[in-house]
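Pasting upload36.cif here (mmCIF, C-alpha atoms and all ligand atoms):
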```
data_query
loop_
_atom_site.group_PDB
_atom_site.id
_atom_site.type_symbol
_atom_site.label_atom_id
_atom_site.label_comp_id
_atom_site.auth_asym_id
_atom_site.auth_seq_id
_atom_site.Cartn_x
_atom_site.Cartn_y
_atom_site.Cartn_z
ATOM 1 C CA MET A 1 52.099 -62.768 31.292
ATOM 2 C CA SER A 2 49.307 -65.298 31.370
ATOM 3 C CA ASP A 3 49.611 -65.317 35.156
ATOM 4 C CA THR A 4 48.498 -61.706 35.505
ATOM 5 C CA PHE A 5 45.994 -61.267 32.687
ATOM 6 C CA PRO A 6 43.324 -63.497 31.200
ATOM 7 C CA VAL A 7 44.347 -64.656 27.799
ATOM 8 C CA SER A 8 42.082 -65.619 24.962
ATOM 9 C CA ASP A 9 43.416 -68.091 22.538
ATOM 10 C CA ALA A 10 41.858 -68.265 19.095
ATOM 11 C CA ASP A 11 43.402 -69.579 15.928
ATOM 12 C CA SER A 12 46.570 -70.062 17.946
ATOM 13 C CA ILE A 13 46.977 -66.316 18.369
ATOM 14 C CA SER A 14 47.060 -65.438 22.026
ATOM 15 C CA VAL A 15 45.820 -62.053 23.090
ATOM 16 C CA ALA A 16 46.467 -60.551 26.480
ATOM 17 C CA ASP A 17 43.264 -58.901 27.655
ATOM 18 C CA GLN A 18 44.429 -55.931 29.609
ATOM 19 C CA PRO A 19 41.470 -53.755 30.659
ATOM 20 C CA MET A 20 41.663 -49.970 30.765
ATOM 21 C CA PRO A 21 42.193 -48.736 34.309
ATOM 22 C CA LYS A 22 38.982 -48.125 36.271
ATOM 23 C CA TRP A 23 39.622 -44.374 36.665
ATOM 24 C CA TRP A 24 39.950 -44.077 32.909
ATOM 25 C CA THR A 25 36.693 -45.838 32.016
ATOM 26 C CA ARG A 26 34.837 -43.840 34.705
ATOM 27 C CA LEU A 27 36.141 -40.581 33.347
ATOM 28 C CA PHE A 28 35.177 -41.677 29.837
ATOM 29 C CA THR A 29 31.631 -42.568 30.930
ATOM 30 C CA LEU A 30 31.341 -39.266 32.744
ATOM 31 C CA PHE A 31 32.295 -37.324 29.590
ATOM 32 C CA VAL A 32 29.838 -39.296 27.472
ATOM 33 C CA LEU A 33 27.079 -38.487 29.979
ATOM 34 C CA ILE A 34 27.944 -34.780 30.045
ATOM 35 C CA CYS A 35 28.143 -34.563 26.272
ATOM 36 C CA PRO A 36 24.397 -34.150 25.430
ATOM 37 C CA PHE A 37 24.015 -31.430 28.066
ATOM 38 C CA TYR A 38 27.020 -29.631 26.677
ATOM 39 C CA LEU A 39 25.617 -29.818 23.140
ATOM 40 C CA LEU A 40 22.173 -28.619 24.243
ATOM 41 C CA TYR A 41 23.579 -25.809 26.327
ATOM 42 C CA PHE A 42 26.106 -24.388 23.924
ATOM 43 C CA HIS A 43 24.668 -25.201 20.526
ATOM 44 C CA THR A 44 20.899 -25.098 20.748
ATOM 45 C CA GLY A 45 18.654 -24.246 23.672
ATOM 46 C CA ALA A 46 20.617 -21.542 25.438
ATOM 47 C CA PRO A 47 20.321 -18.248 23.633
ATOM 48 C CA GLY A 48 23.352 -16.033 24.009
ATOM 49 C CA ARG A 49 25.538 -18.874 25.199
ATOM 50 C CA SER A 50 27.112 -20.083 21.973
ATOM 51 C CA GLU A 51 30.611 -18.940 21.133
ATOM 52 C CA ILE A 52 29.362 -17.218 17.985
ATOM 53 C CA GLU A 53 26.750 -15.210 19.868
ATOM 54 C CA ARG A 54 29.266 -14.269 22.520
ATOM 55 C CA TYR A 55 31.681 -13.200 19.831
ATOM 56 C CA GLU A 56 29.005 -11.123 18.124
ATOM 57 C CA ARG A 57 28.001 -9.477 21.369
ATOM 58 C CA VAL A 58 31.595 -8.606 22.212
ATOM 59 C CA ALA A 59 32.265 -7.361 18.671
ATOM 60 C CA PHE A 60 29.140 -5.201 18.875
ATOM 61 C CA GLU A 61 30.199 -3.743 22.239
ATOM 62 C CA ILE A 62 33.644 -2.955 20.873
ATOM 63 C CA THR A 63 32.202 -1.277 17.791
ATOM 64 C CA LYS A 64 29.872 0.763 20.007
ATOM 65 C CA LYS A 65 32.809 1.890 22.133
ATOM 66 C CA ARG A 66 34.823 2.731 19.051
ATOM 67 C CA PHE A 67 31.887 4.671 17.605
ATOM 68 C CA ALA A 68 31.851 6.700 20.828
ATOM 69 C CA GLU A 69 35.436 7.712 19.974
ATOM 70 C CA ILE A 70 34.421 9.307 16.670
ATOM 71 C CA GLY A 71 30.977 10.603 17.604
ATOM 72 C CA GLU A 72 28.307 10.891 14.939
ATOM 73 C CA LEU A 73 29.959 11.236 11.523
ATOM 74 C CA GLN A 74 28.256 13.267 8.824
ATOM 75 C CA PRO A 75 28.121 11.917 5.268
ATOM 76 C CA THR A 76 29.991 14.891 3.847
ATOM 77 C CA ARG A 77 32.715 14.978 1.251
ATOM 78 C CA ALA A 78 35.464 15.885 3.757
ATOM 79 C CA THR A 79 34.477 13.212 6.272
ATOM 80 C CA ILE A 80 34.168 10.382 3.744
ATOM 81 C CA LEU A 81 37.501 11.383 2.191
ATOM 82 C CA GLU A 82 39.131 11.533 5.608
ATOM 83 C CA TYR A 83 37.945 8.023 6.461
ATOM 84 C CA THR A 84 39.253 6.522 3.202
ATOM 85 C CA LYS A 85 42.674 7.190 4.737
ATOM 86 C CA LYS A 86 42.065 5.408 8.040
ATOM 87 C CA PRO A 87 42.784 1.691 7.607
ATOM 88 C CA ASN A 88 41.324 0.732 10.989
ATOM 89 C CA TRP A 89 38.025 2.377 10.198
ATOM 90 C CA LEU A 90 38.009 1.044 6.641
ATOM 91 C CA LYS A 91 37.975 -2.407 8.253
ATOM 92 C CA VAL A 92 34.669 -1.519 9.923
ATOM 93 C CA GLY A 93 33.336 -0.296 6.562
ATOM 94 C CA LYS A 94 34.497 -3.548 5.020
ATOM 95 C CA MET A 95 32.590 -5.525 7.664
ATOM 96 C CA VAL A 96 29.413 -3.617 6.801
ATOM 97 C CA PHE A 97 30.066 -4.306 3.121
ATOM 98 C CA LYS A 98 30.652 -8.033 3.731
ATOM 99 C CA THR A 99 27.434 -8.228 5.743
ATOM 100 C CA HIS A 100 25.047 -6.325 3.482
ATOM 101 C CA CYS A 101 26.485 -5.685 0.028
ATOM 102 C CA VAL A 102 28.403 -8.704 -1.291
ATOM 103 C CA SER A 103 25.228 -10.496 -2.390
ATOM 104 C CA CYS A 104 24.796 -7.957 -5.195
ATOM 105 C CA HIS A 105 28.216 -6.318 -5.572
ATOM 106 C CA GLY A 106 30.466 -9.369 -5.161
ATOM 107 C CA ARG A 107 32.916 -10.379 -2.438
ATOM 108 C CA ASN A 108 35.477 -7.793 -3.478
ATOM 109 C CA GLY A 109 33.101 -5.316 -5.103
ATOM 110 C CA GLU A 110 33.631 -6.840 -8.558
ATOM 111 C CA GLY A 111 29.911 -6.608 -9.298
ATOM 112 C CA GLY A 112 27.055 -9.037 -9.927
ATOM 113 C CA VAL A 113 23.452 -7.906 -9.830
ATOM 114 C CA GLY A 114 24.908 -4.501 -8.954
ATOM 115 C CA PRO A 115 27.664 -2.630 -10.786
ATOM 116 C CA ASN A 116 31.395 -3.216 -10.409
ATOM 117 C CA LEU A 117 32.651 -0.893 -7.657
ATOM 118 C CA THR A 118 36.333 -1.536 -8.331
ATOM 119 C CA ASP A 119 36.660 0.101 -11.761
ATOM 120 C CA ASP A 120 36.717 3.852 -12.428
ATOM 121 C CA ALA A 121 33.204 4.301 -13.825
ATOM 122 C CA TYR A 122 29.972 4.974 -11.947
ATOM 123 C CA LYS A 123 26.338 5.309 -12.948
ATOM 124 C CA HIS A 124 25.182 7.527 -10.086
ATOM 125 C CA VAL A 125 28.369 8.899 -8.578
ATOM 126 C CA HIS A 126 29.947 12.182 -9.658
ATOM 127 C CA ASP A 127 31.571 13.068 -6.373
ATOM 128 C CA ILE A 128 32.540 11.025 -3.318
ATOM 129 C CA GLU A 129 29.450 12.319 -1.434
ATOM 130 C CA ASP A 130 27.188 10.682 -3.999
ATOM 131 C CA ILE A 131 28.376 7.269 -2.800
ATOM 132 C CA ALA A 132 26.845 7.912 0.621
ATOM 133 C CA ARG A 133 23.725 9.404 -0.979
ATOM 134 C CA VAL A 134 23.149 6.370 -3.249
ATOM 135 C CA ILE A 135 23.705 3.975 -0.336
ATOM 136 C CA SER A 136 21.320 5.976 1.843
ATOM 137 C CA GLU A 137 18.570 6.600 -0.721
ATOM 138 C CA GLY A 138 18.964 3.643 -3.079
ATOM 139 C CA ALA A 139 18.771 3.871 -6.864
ATOM 140 C CA ASN A 140 16.846 2.594 -9.863
ATOM 141 C CA ASN A 141 13.534 1.925 -8.077
ATOM 142 C CA ASN A 142 15.197 0.050 -5.245
ATOM 143 C CA ALA A 143 17.192 -2.260 -7.520
ATOM 144 C CA MET A 144 19.831 -0.712 -5.293
ATOM 145 C CA PRO A 145 18.017 -0.722 -1.936
ATOM 146 C CA ALA A 146 17.957 2.312 0.380
ATOM 147 C CA TRP A 147 19.998 1.638 3.507
ATOM 148 C CA LYS A 148 19.144 4.711 5.572
ATOM 149 C CA ASP A 149 16.808 2.809 7.902
ATOM 150 C CA LYS A 150 19.031 -0.240 8.181
ATOM 151 C CA LEU A 151 22.444 1.293 8.856
ATOM 152 C CA SER A 152 23.525 3.819 11.465
ATOM 153 C CA THR A 153 24.954 7.040 10.036
ATOM 154 C CA ASN A 154 28.437 5.981 11.111
ATOM 155 C CA GLU A 155 28.082 2.632 9.350
ATOM 156 C CA LEU A 156 26.849 4.457 6.270
ATOM 157 C CA VAL A 157 29.802 6.851 6.199
ATOM 158 C CA LEU A 158 32.295 4.061 6.843
ATOM 159 C CA VAL A 159 30.893 1.753 4.165
ATOM 160 C CA ALA A 160 30.872 4.730 1.752
ATOM 161 C CA ALA A 161 34.549 5.329 2.562
ATOM 162 C CA TYR A 162 35.248 1.635 1.995
ATOM 163 C CA VAL A 163 33.429 1.700 -1.367
ATOM 164 C CA ALA A 164 35.381 4.839 -2.338
ATOM 165 C CA SER A 165 38.607 3.022 -1.442
ATOM 166 C CA LEU A 166 37.685 0.173 -3.813
ATOM 167 C CA ARG A 167 37.871 2.501 -6.808
ATOM 168 C CA GLY A 168 40.592 1.428 -9.222
ATOM 169 C CA THR A 169 41.391 -1.819 -7.374
ATOM 170 C CA HIS A 170 40.043 -3.739 -10.404
ATOM 171 C CA ALA A 171 39.011 -6.920 -8.613
ATOM 172 C CA PRO A 172 39.489 -10.018 -10.800
ATOM 173 C CA GLY A 173 36.431 -11.231 -12.686
ATOM 174 C CA GLY A 174 34.959 -7.744 -12.573
ATOM 175 C CA LYS A 175 31.807 -6.789 -14.429
ATOM 176 C CA ALA A 176 32.211 -4.433 -17.413
ATOM 177 C CA ALA A 177 32.377 -0.745 -16.503
ATOM 178 C CA GLU A 178 29.071 1.180 -16.542
ATOM 179 C CA GLY A 179 28.516 4.926 -16.545
ATOM 180 C CA SER A 180 31.111 7.676 -16.610
ATOM 181 C CA VAL A 181 34.397 8.391 -14.852
ATOM 182 C CA PRO A 182 34.216 11.065 -12.135
ATOM 183 C CA PRO A 183 37.284 13.175 -11.201
ATOM 184 C CA PRO A 184 39.612 11.635 -8.570
ATOM 185 C CA TRP A 185 37.979 11.684 -5.115
ATOM 186 C CA ASP A 186 40.475 14.153 -3.701
ATOM 187 C CA ALA A 187 40.190 16.585 -6.634
ATOM 188 C CA ALA A 188 38.794 19.972 -5.596
ATOM 189 C CA PRO A 189 34.982 19.820 -5.555
ATOM 190 C CA ALA A 190 33.350 21.235 -8.647
ATOM 191 C CA ASP A 191 32.948 25.010 -8.262
ATOM 192 C CA PRO A 192 29.310 25.804 -8.982
ATOM 193 C CA GLY A 193 30.361 29.272 -10.295
ATOM 194 C CA ALA A 194 32.885 27.879 -12.784
ATOM 195 C CA GLY A 195 32.170 27.731 -16.508
ATOM 196 C CA ASP A 196 29.635 30.519 -16.531
ATOM 197 C CA GLY A 197 31.787 32.589 -18.884
ATOM 198 C CA GLY A 198 32.893 35.073 -16.211
HETATM 199 C C1 LIG B 1 19.737 -6.245 -3.911
HETATM 200 C C2 LIG B 1 20.987 -5.959 -4.537
HETATM 201 C C3 LIG B 1 21.887 -4.891 -3.961
HETATM 202 C C4 LIG B 1 22.377 -4.792 -2.674
HETATM 203 C C5 LIG B 1 22.136 -5.715 -1.490
HETATM 204 C C6 LIG B 1 23.230 -3.625 -2.665
HETATM 205 N N1 LIG B 1 23.255 -3.048 -3.903
HETATM 206 FE FE1 LIG B 1 24.285 -1.385 -4.437
HETATM 207 N N2 LIG B 1 23.444 -1.453 -6.286
HETATM 208 C C7 LIG B 1 22.618 -2.446 -6.757
HETATM 209 C C8 LIG B 1 22.217 -2.142 -8.123
HETATM 210 C C9 LIG B 1 21.332 -3.001 -9.014
HETATM 211 C C10 LIG B 1 22.843 -0.911 -8.444
HETATM 212 C C11 LIG B 1 22.730 -0.156 -9.776
HETATM 213 C C12 LIG B 1 21.428 0.591 -9.857
HETATM 214 C C13 LIG B 1 21.210 1.094 -11.263
HETATM 215 O O1 LIG B 1 21.346 0.278 -12.192
HETATM 216 O O2 LIG B 1 20.905 2.261 -11.420
HETATM 217 C C14 LIG B 1 23.616 -0.513 -7.269
HETATM 218 C C15 LIG B 1 24.372 0.629 -7.189
HETATM 219 C C16 LIG B 1 25.203 0.944 -6.145
HETATM 220 C C17 LIG B 1 26.103 2.065 -6.122
HETATM 221 C C18 LIG B 1 26.275 3.088 -7.248
HETATM 222 C C19 LIG B 1 27.195 2.522 -8.276
HETATM 223 C C20 LIG B 1 27.300 3.387 -9.516
HETATM 224 O O3 LIG B 1 27.806 2.865 -10.524
HETATM 225 O O4 LIG B 1 26.903 4.546 -9.474
HETATM 226 C C21 LIG B 1 26.793 2.029 -4.944
HETATM 227 C C22 LIG B 1 27.864 2.995 -4.474
HETATM 228 C C23 LIG B 1 26.296 0.888 -4.219
HETATM 229 N N3 LIG B 1 25.325 0.255 -4.981
HETATM 230 C C24 LIG B 1 26.731 0.508 -2.962
HETATM 231 C C25 LIG B 1 26.131 -0.496 -2.216
HETATM 232 C C26 LIG B 1 26.461 -0.758 -0.833
HETATM 233 C C27 LIG B 1 27.530 -0.038 -0.027
HETATM 234 C C28 LIG B 1 25.655 -1.772 -0.425
HETATM 235 C C29 LIG B 1 25.553 -2.394 0.941
HETATM 236 C C30 LIG B 1 25.240 -1.506 2.038
HETATM 237 C C31 LIG B 1 24.843 -2.157 -1.568
HETATM 238 N N4 LIG B 1 25.153 -1.358 -2.623
HETATM 239 C C32 LIG B 1 23.923 -3.203 -1.550
HETATM 240 C C33 LIG B 1 22.207 -3.551 -6.066
HETATM 241 C C34 LIG B 1 22.446 -3.794 -4.724
#
```
Could you render the structure as structure tokens?
Ligand code: HEC
Amino acid sequence: MSDTFPVSDADSISVADQPMPKWWTRLFTLFVLICPFYLLYFHTGAPGRSEIERYERVAFEITKKRFAEIGELQPTRATILEYTKKPNWLKVGKMVFKTHCVSCHGRNGEGGVGPNLTDDAYKHVHDIEDIARVISEGANNNAMPAWKDKLSTNELVLVAAYVASLRGTHAPGGKAAEGSVPPPWDAAPADPGAGDGG
């Protein structure tokens, strides 16, 4: 062994000094040299180049294409109700909720600054349409902000459908119920002529 490789001998322990092959150390040096450029390019100076930005752009394109499939939804009772039954679209509503609403309504809608959206009681909602109206217009002097200028109509309808779907899921750690209990979402809408004694 000592014929082929230089040997150091300290404290009577002999160590064969076998260098890494030249191709290996060159490759290693090359990677170290490339490293700062890689970091700069993908993580800082190059807008639109990071994986996250690419992901967001692609996700946005896909959502736009999918929105083309459904056209412009209207925030009506029938439409919101219809979309509470479409799991794939509820996922889009959930994304909107996770982006804009969790800070006040909690990760699962259990409430925080804003009311619990997973119980059966509501302060401003008597019918499923009211969910979209409150989201659009806001409530209580903007304690609940108005979202009409920040969300597209489709996003608004889909997040309303998602919020409607949270009803009765009773997320753990939920805030105490506030307000009154409206009829089930799919109950016939209140007949304005009913109860007039006729
Ligand atoms: C800055 C905090 C805040 C954010 C962000 C926020 N909310 Fe609210 N939200 C509130 C508050 C506070 C209320 C209750 C207002 C009141 O007391 O009258 C409320 C009420 C509501 C209600 C009516 C609940 C009821 O009991 O009648 C709905 C529905 C609702 N928010 C949905 C949303 C959705 C969907 C989003 C995201 C797009 C959102 N909120 C974002 C604070 C917020």
TODO: Could you tell me which of A:Ala187, A:His124, A:Asn142, A:Gly174 comes closest to Gly111 in chain A if we count only C-alpha atoms?
DONE: A:Gly174
TODO: Give the answer as one residue: which of A:Leu90, A:Leu33, A:Gly173, A:Ala160 has the shortest atom-to-atom distance to Glu110 in chain A, using only C-alpha atoms?
DONE: A:Gly173
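Residue selection for this entry, given the PyMOL selection byres (((chain A and resi 92) around 10) and not hetatm), comprises Thr63, Pro87, Asn88, Trp89, Leu90, Lys91, Gly93, Lys94, Met95, Val96, Phe97, Lys98, Asn154, Glu155, Leu158, Val159 and Tyr162 of chain A.
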Open item on the list: Using only C-alpha atoms, list the residues that have an atom at most 10 Å from (24.8, 3.0, 3.2), coordinates as in the file, as number ranges by chain.
Closed with: A: 75, 93, 96-97, 100-101, 131-138, 145-160, 163
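In this structure, CA of Thr79 in chain A sits 8.7 Å away from CA of Ala161 in chain A.
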Open item on the list: Going by the chain IDs and residue numbers used in this file, which residues fall under the PyMOL selection byres (((chain A and resi 167) around 9) and not hetatm)? Write them as a PyMOL selection string.
Closed with: chain A and resi 117-121+163-166+168-170
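CA of Ala171 in chain A is positioned 17.7 Å from atom C11 of ligand LIG 1 (chain B).
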TODO: Using CA of Pro183 in chain A and atom C2 of ligand LIG 1 (chain B) as the two end points, give the distance in Å to one decimal.
DONE: 26.0 Å
